[in-house]
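Enquirer: Mind having a look at this structure? Questions to follow.
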Amino acid sequence: MSLRFAALPFLCLFLLVILCPLCTSRSEALVLTTADADADADALEDDATEDDLGVTVDDHDDDLADSDDDTAASAPEPDQPAVIDPKGEEEASGYVVPDPGSPLFFDAFQDGLSKWTHSSDPEYNGRFAVGQGAKPTFSGDRALIIPQKARRYALSANVPGMDDLSEKHFVAQYEVKLDQGMTCGGAYIKLPTTGFVPASFDGSTTYSVMFGPDKCGATDKVHFIFQSKNPVTGKMTEHHLKSPPSVANTYDRKTHLYTVAVLNNGTFKVMIDGDVKKEGTLSDSFEPPVQPPKEIDDPDDKKPSDWVDTAKIPDPEATKPEDWDEDAPKEIVDEDAVKPEGWLDDEPSTIPDPEAKKPEAWDEDEDGEWVASPVPNPKCEAVGCGEWKKPMKKNPDYKGKWTAPLIDNPKYVGPWKPRKIPNEEYYEVTKPTLLPVKGVGFEIWTMDQGVLFDNLWIGTSLDEATKFADSTFKLKQKQEIEIEQEENAKMEKESASTDNGKLSPVLEKINDAMDTLESLLEPVETWLAKAGFEPYLNKLFDLGIQKPMTVVVATPIFFVLIILIVLGGKKKAPAPAAPTESETTADVGAKKKTDEPTPDDTVEDASTTTTTTKDEPESTIRKRRTAKAE
């Protein structure tokens, strides 16, 4: 086989690798677009259903026109891989936010970023956008969106009325929706304390509370961290929740609700989708604890060099007994054992399965001789089969390696501990409370895009926050479940009608393999982004290719295969040997005698031309002519 034909199967494989991500992404987009159209059509057909969901149709064109920032943020940039708004629905309106009650801060992002300020720190090169996302649950419902991955984002706003939380409840609640899942990044919020300036907001900004989901590698938790200020030293300390709950489903692309409530009695609740996942007290549920110890270990105290803290030592006067055999085996043959009566010495322990049948598609020329799989011999179940051997038993004389027995160490002093000294940072905590909250912000580094934040609610009443969630999140949750059920039913129907499902499992396995490869290539993708190649990767996203790194790796191999095919081919046949002078003379004489074709002449046909020479064996010529005639 020539090099050209050997490379063809690999070329076909890599064409499939390159095109499959594009086909997969296009098919997913088609399903999502169809489902969205069906949902919108149902909403238009039944106004009563909208009223039950608490969605009031209203015209918000005037509100949208009030903010130039909103328009700029909603318009997708050329290199922006995340979907800010569905195509053709950039100016969609009609969604009215339900009454949020009386929070101290609230934003549903329907008016863009009018309340917010991006950090002026150049390290934060990401800019949030506002839009409906790739698949809005309700048309016109906008949210804050992370448009591009591998960037740092910092956005914040002022929060009034939370200067003293010693006698007030504290509640923070917001929705998170992951249009493209979460692989490595955070979706948490920070609530800065005294000294907060929005334009200077960054990772070093002192905060009162940090709360929300964070997932990357082994990290998978919902943060709840609060800071305390030591009144003696002025030092800030972070207190992390012990055993925090895991992040809600990061692949279902549904809206999830995160809520933290700290009551004025020092207790707290962490809730996901309205369900309590963790509760406790500020005093006992965090590490390090809020209350500093009165005494601490003296950092300058060192263990004396002659301090003995070994309680037992081998007896130096003990000697190994003379009859102690260290080489004795642990087990020996049981010489008293007798072969059971009825033991079948000549019977094999396994036999070919008598019920097995050769598959119809079995080809002995290609697959070899078919042999039934072995099964236990039923004749051996009663007593046993095969060669009988005496069993092993424990050796009564076995003692193993001898070691001297342990005795009390006469020099033993006891375990050493550094001496205690008064803690200079000690102060009495009578009632743990949160520091004043002066603002709220998103300070995030992420390798994910298409992360949506919505209905950010900060206040002092858990009942009001819950009531607002019932009129927003609960309705979204119900609608998204219904949409998912409709999509699943439609996909099952389409799958049942396409080629009896023979091709789909193959494509699914290929897609799963490429998903695994894409995950393994994440470090390479991060390096390429830092090296300045991110715009080119984003262009692949714009083309609908959801697995760009697979394409990047497959492309050079594809071109190598093309080169092999072009340069490869059959080897040139050796030139026939030159005829001798006598053969030439004889050939010319024969030509003179007759003009009829001879076996040595060139034979031509209208469709095929076959050339033979006298040097070729006669059998070869006959084979060619026979094949031509056939």
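Chain labels run A, B, ... following the order of the structure tokens; each chain numbers its residues from 1, and ligands are numbered from 1 in the order shown.
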Counting only C-alpha atoms, which residues of segment 212-316 of chain A fall within 7 Å of segment 411-426 of chain A, and what is the closest atom pair for each with its distance in Å at one decimal, ordered by chain and rising number, as a Markdown table?

Expert:
```
| residue | atom | partner | partner_atom | distance |
| --- | --- | --- | --- | --- |
| A:Val232 | CA | A:Glu425 | CA | 6.2 |
| A:Thr233 | CA | A:Glu425 | CA | 6.3 |
| A:Pro292 | CA | A:Tyr426 | CA | 5.4 |
| A:Pro293 | CA | A:Tyr426 | CA | 6.3 |
| A:Lys294 | CA | A:Asn423 | CA | 5.4 |
| A:Glu295 | CA | A:Pro422 | CA | 4.5 |
| A:Ile296 | CA | A:Lys420 | CA | 5.4 |
| A:Asp297 | CA | A:Lys420 | CA | 4.7 |
| A:Asp298 | CA | A:Lys420 | CA | 5.6 |
| A:Asp301 | CA | A:Pro418 | CA | 5.6 |
| A:Lys302 | CA | A:Pro418 | CA | 6.8 |
| A:Lys303 | CA | A:Trp416 | CA | 6.9 |
| A:Trp307 | CA | A:Val413 | CA | 6.9 |
| A:Val308 | CA | A:Tyr412 | CA | 5.2 |
| A:Asp309 | CA | A:Gly414 | CA | 5.0 |
| A:Thr310 | CA | A:Tyr412 | CA | 6.0 |
| A:Ala311 | CA | A:Tyr412 | CA | 5.5 |
```

Enquirer: Keeping only N, CA and C atoms, write the selected residues to a file as a PDB file, in the first residue's frame.

Expert:
```
ATOM      1  N   VAL A 232      -8.001  46.128  69.395  1.00  0.00           N
ATOM      2  CA  VAL A 232      -6.743  46.349  70.106  1.00  0.00           C
ATOM      3  C   VAL A 232      -5.619  46.675  69.117  1.00  0.00           C
ATOM      4  N   THR A 233      -5.524  45.877  68.059  1.00  0.00           N
ATOM      5  CA  THR A 233      -4.421  46.038  67.101  1.00  0.00           C
ATOM      6  C   THR A 233      -4.853  46.690  65.791  1.00  0.00           C
ATOM      7  N   PRO A 292     -10.652  35.711  70.004  1.00  0.00           N
ATOM      8  CA  PRO A 292      -9.234  35.359  70.108  1.00  0.00           C
ATOM      9  C   PRO A 292      -8.957  34.680  71.446  1.00  0.00           C
ATOM     10  N   PRO A 293      -7.978  33.759  71.517  1.00  0.00           N
ATOM     11  CA  PRO A 293      -7.642  33.111  72.791  1.00  0.00           C
ATOM     12  C   PRO A 293      -6.906  34.070  73.730  1.00  0.00           C
ATOM     13  N   LYS A 294      -7.057  33.822  75.038  1.00  0.00           N
ATOM     14  CA  LYS A 294      -6.374  34.669  76.016  1.00  0.00           C
ATOM     15  C   LYS A 294      -4.871  34.445  76.006  1.00  0.00           C
ATOM     16  N   GLU A 295      -4.469  33.201  75.812  1.00  0.00           N
ATOM     17  CA  GLU A 295      -3.052  32.860  75.796  1.00  0.00           C
ATOM     18  C   GLU A 295      -2.696  32.179  74.477  1.00  0.00           C
ATOM     19  N   ILE A 296      -1.463  32.370  74.081  1.00  0.00           N
ATOM     20  CA  ILE A 296      -0.961  31.738  72.859  1.00  0.00           C
ATOM     21  C   ILE A 296       0.401  31.127  73.150  1.00  0.00           C
ATOM     22  N   ASP A 297       0.839  30.225  72.271  1.00  0.00           N
ATOM     23  CA  ASP A 297       2.160  29.622  72.429  1.00  0.00           C
ATOM     24  C   ASP A 297       3.237  30.686  72.211  1.00  0.00           C
ATOM     25  N   ASP A 298       4.276  30.610  73.052  1.00  0.00           N
ATOM     26  CA  ASP A 298       5.394  31.541  72.936  1.00  0.00           C
ATOM     27  C   ASP A 298       6.207  31.183  71.689  1.00  0.00           C
ATOM     28  N   ASP A 301       9.875  30.193  72.380  1.00  0.00           N
ATOM     29  CA  ASP A 301      10.211  29.050  73.239  1.00  0.00           C
ATOM     30  C   ASP A 301      10.583  27.859  72.364  1.00  0.00           C
ATOM     31  N   LYS A 302      11.759  27.271  72.594  1.00  0.00           N
ATOM     32  CA  LYS A 302      12.232  26.155  71.799  1.00  0.00           C
ATOM     33  C   LYS A 302      12.405  24.914  72.672  1.00  0.00           C
ATOM     34  N   LYS A 303      12.218  23.756  72.067  1.00  0.00           N
ATOM     35  CA  LYS A 303      12.371  22.491  72.782  1.00  0.00           C
ATOM     36  C   LYS A 303      13.840  22.261  73.124  1.00  0.00           C
ATOM     37  N   TRP A 307      15.742  17.126  75.822  1.00  0.00           N
ATOM     38  CA  TRP A 307      14.378  16.747  76.233  1.00  0.00           C
ATOM     39  C   TRP A 307      14.037  15.394  75.616  1.00  0.00           C
ATOM     40  N   VAL A 308      13.623  14.431  76.464  1.00  0.00           N
ATOM     41  CA  VAL A 308      13.272  13.086  76.014  1.00  0.00           C
ATOM     42  C   VAL A 308      11.762  12.931  76.113  1.00  0.00           C
ATOM     43  N   ASP A 309      11.115  12.724  74.950  1.00  0.00           N
ATOM     44  CA  ASP A 309       9.654  12.550  74.956  1.00  0.00           C
ATOM     45  C   ASP A 309       9.242  11.194  74.394  1.00  0.00           C
ATOM     46  N   THR A 310      10.224  10.214  74.428  1.00  0.00           N
ATOM     47  CA  THR A 310       9.924   8.839  74.031  1.00  0.00           C
ATOM     48  C   THR A 310       9.610   8.031  75.276  1.00  0.00           C
ATOM     49  N   ALA A 311       8.369   7.577  75.411  1.00  0.00           N
ATOM     50  CA  ALA A 311       7.925   6.915  76.647  1.00  0.00           C
ATOM     51  C   ALA A 311       8.460   5.501  76.778  1.00  0.00           C
TER      52      ALA A 311
END
```

Enquirer: Quick one: everything within 9 Å of Pro352 of chain A, counting only C-alpha atoms, minus sequence neighbours fewer than 3 positions away in the same chain. Send it as a list of chain:residue names.

Expert: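 What passes the distance filter is A:Glu355, A:Ala356, A:Val371, A:Ala372, A:Ser373, A:Pro374, A:Val375, A:Pro376, A:Asn377.
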
Enquirer: Excluding segment 164-171 of chain A and any residue of its chain fewer than 5 positions from it, enumerate the residues within 8 Å of it, using only C-alpha atoms, and give them as a list in words.

Expert: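 Close residues of segment 164-171 of chain A: Thr259, Val260, Ala261, Val262, Leu263, Asn264, Thr433, Leu434, Leu435, Pro436, Trp457, Ile458, Gly459, Thr460, Ser461, Leu462 and Ala465 of chain A.
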
Enquirer: Please dump the current selection as a compact mmCIF listing (two decimals), in the first residue's frame; keep C-alpha atoms.

Expert:
```
# COMPACT_ATOMS: atom_id res chain seq x y z
CA THR A 259 -29.13 33.82 49.70
CA VAL A 260 -27.24 34.60 52.91
CA ALA A 261 -28.99 35.92 56.00
CA VAL A 262 -27.26 36.99 59.23
CA LEU A 263 -29.77 37.67 62.01
CA ASN A 264 -29.22 40.14 64.85
CA THR A 433 -21.55 41.34 64.43
CA LEU A 434 -20.80 42.22 60.85
CA LEU A 435 -18.80 45.29 59.93
CA PRO A 436 -20.72 48.17 58.29
CA TRP A 457 -31.34 42.31 46.62
CA ILE A 458 -29.66 43.65 49.80
CA GLY A 459 -31.67 44.57 52.87
CA THR A 460 -32.62 43.76 56.45
CA SER A 461 -35.72 41.54 56.04
CA LEU A 462 -35.47 37.87 55.12
CA ALA A 465 -36.32 38.83 50.23
```

Enquirer: Nearest to Thr137 of chain A among A:Ala404, A:Pro348, A:Pro378, A:Arg253, with distances taken over only C-alpha atoms: which residue is it?

Expert: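 Checking each of A:Ala404, A:Pro348, A:Pro378, A:Arg253 against Thr137 of chain A, counting only C-alpha atoms, the winner is A:Arg253.
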
Enquirer: Quote the spacing between atom CA of Glu238 of chain A and atom CA of Phe211 of chain A in Å to one decimal place.

Expert: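 Result for atom CA of Glu238 of chain A versus atom CA of Phe211 of chain A: 12.6 Å, one decimal.
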
Enquirer: With only C-alpha atoms counted and 10 Å as the cut-off, give the residues of segment 353-450 of chain A in contact with segment 182-199 of chain A, each with its shortest interatomic distance in Å and the pair that gives it, as CSV.

Expert:
```
residue,atom,partner,partner_atom,distance
A:Leu434,CA,A:Thr193,CA,9.6
A:Leu435,CA,A:Thr193,CA,6.5
A:Pro436,CA,A:Thr193,CA,5.4
A:Val437,CA,A:Thr193,CA,4.8
A:Lys438,CA,A:Thr193,CA,5.0
A:Gly439,CA,A:Pro192,CA,5.3
A:Val440,CA,A:Leu191,CA,4.3
A:Gly441,CA,A:Lys190,CA,5.3
A:Phe442,CA,A:Ile189,CA,5.0
A:Glu443,CA,A:Ile189,CA,7.2
A:Ile444,CA,A:Gly186,CA,6.1
A:Trp445,CA,A:Gly185,CA,6.2
A:Thr446,CA,A:Gly185,CA,3.9
A:Met447,CA,A:Cys184,CA,5.4
A:Asp448,CA,A:Met182,CA,6.1
A:Gln449,CA,A:Met182,CA,8.4
A:Gly450,CA,A:Met182,CA,9.4
```

Enquirer: According to DSSP computed on the backbone, where in segment 97-260 of chain A is there strand (DSSP E)? Give the residues as a ChimeraX atom specification.

Expert: /A:105-107,117-118,129-131,143-146,151-158,170-178,184-186,189-192,207-216,219-229,236-241,255-260

Enquirer: For the atom pair atom CA of Asp515 of chain A and atom CA of Glu484 of chain A, what is the interatomic distance in Å to one decimal place?

Expert: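 Interatomic distance here is 22.3 Å.
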
Enquirer: Using atom CA of His256 of chain A and atom CA of Pro136 of chain A as the two end points, give the distance in Å to one decimal.

Expert: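 So the two atoms, atom CA of His256 of chain A and atom CA of Pro136 of chain A, lie 13.8 Å apart.
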
Enquirer: Taking the DSSP secondary structure from the backbone, can you list the residues of segment 229-386 of chain A that are alpha helix (DSSP H), as JSON, numbers by chain?

Expert: {"A": [364, 365, 366, 367]}

Enquirer: Skip Tyr124 of chain A itself and residues of its chain fewer than 6 positions away, then list as a ChimeraX atom specification all residues within 7 Å of it, counting only C-alpha atoms.

Expert: /A:152-154

Enquirer: If we count only C-alpha atoms, what is near Gly342 of chain A at a cut-off of 10 Å, once residues fewer than 6 positions away on the same chain are taken out, given as a PDB file with N, CA and C atoms, in the first residue's frame?

Expert:
```
ATOM      1  N   ALA A 382     -20.073 -30.381  43.601  1.00  0.00           N
ATOM      2  CA  ALA A 382     -20.321 -31.227  44.777  1.00  0.00           C
ATOM      3  C   ALA A 382     -19.058 -31.430  45.613  1.00  0.00           C
ATOM      4  N   VAL A 383     -17.970 -31.884  44.976  1.00  0.00           N
ATOM      5  CA  VAL A 383     -16.746 -32.189  45.722  1.00  0.00           C
ATOM      6  C   VAL A 383     -15.552 -31.374  45.208  1.00  0.00           C
ATOM      7  N   GLY A 384     -15.215 -31.549  43.929  1.00  0.00           N
ATOM      8  CA  GLY A 384     -14.081 -30.844  43.358  1.00  0.00           C
ATOM      9  C   GLY A 384     -13.522 -31.581  42.168  1.00  0.00           C
ATOM     10  N   CYS A 385     -12.688 -30.909  41.359  1.00  0.00           N
ATOM     11  CA  CYS A 385     -12.124 -31.490  40.150  1.00  0.00           C
ATOM     12  C   CYS A 385     -10.643 -31.164  40.056  1.00  0.00           C
TER      13      CYS A 385
END
```

Enquirer: Could you list, as a list in words, every residue within 12 Å of Ile407 of chain A, counting only C-alpha atoms and ignoring same-chain residues fewer than 5 positions away?

Expert: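 Answer for this query is Thr310, Ala311, Lys312, Ile313, Pro314, Asp315, Pro316, Glu317, Ala318 and Tyr412 of chain A.
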
Enquirer: Keeping only N, CA and C atoms, write the selected residues to a file as an mmCIF file, in the first residue's frame.

Expert:
```
data_model
loop_
_atom_site.group_PDB
_atom_site.id
_atom_site.type_symbol
_atom_site.label_atom_id
_atom_site.label_comp_id
_atom_site.auth_asym_id
_atom_site.auth_seq_id
_atom_site.Cartn_x
_atom_site.Cartn_y
_atom_site.Cartn_z
ATOM 1 N N THR A 310 10.224 10.214 74.428
ATOM 2 C CA THR A 310 9.924 8.839 74.031
ATOM 3 C C THR A 310 9.610 8.031 75.276
ATOM 4 N N ALA A 311 8.369 7.577 75.411
ATOM 5 C CA ALA A 311 7.925 6.915 76.647
ATOM 6 C C ALA A 311 8.460 5.501 76.778
ATOM 7 N N LYS A 312 8.595 4.753 75.659
ATOM 8 C CA LYS A 312 9.033 3.362 75.712
ATOM 9 C C LYS A 312 10.290 3.185 74.856
ATOM 10 N N ILE A 313 11.171 2.263 75.308
ATOM 11 C CA ILE A 313 12.375 1.936 74.538
ATOM 12 C C ILE A 313 12.561 0.420 74.566
ATOM 13 N N PRO A 314 13.298 -0.166 73.571
ATOM 14 C CA PRO A 314 13.585 -1.607 73.618
ATOM 15 C C PRO A 314 14.461 -1.944 74.832
ATOM 16 N N ASP A 315 14.181 -3.085 75.417
ATOM 17 C CA ASP A 315 14.942 -3.528 76.593
ATOM 18 C C ASP A 315 16.368 -3.860 76.161
ATOM 19 N N PRO A 316 17.349 -3.106 76.614
ATOM 20 C CA PRO A 316 18.723 -3.363 76.163
ATOM 21 C C PRO A 316 19.299 -4.674 76.701
ATOM 22 N N GLU A 317 18.733 -5.246 77.747
ATOM 23 C CA GLU A 317 19.268 -6.472 78.343
ATOM 24 C C GLU A 317 18.596 -7.719 77.789
ATOM 25 N N ALA A 318 17.565 -7.576 76.991
ATOM 26 C CA ALA A 318 16.852 -8.740 76.462
ATOM 27 C C ALA A 318 17.684 -9.407 75.365
ATOM 28 N N TYR A 412 12.475 9.370 80.316
ATOM 29 C CA TYR A 412 11.281 10.012 79.760
ATOM 30 C C TYR A 412 10.839 11.191 80.635
#
```

Enquirer: Taking only C-alpha atoms into account, name the residue in A:Ala108, A:Leu540, A:Val247, A:Leu521 that is nearest to Tyr174 of chain A.

Expert: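 Smallest separation from Tyr174 of chain A among the options: A:Ala108.
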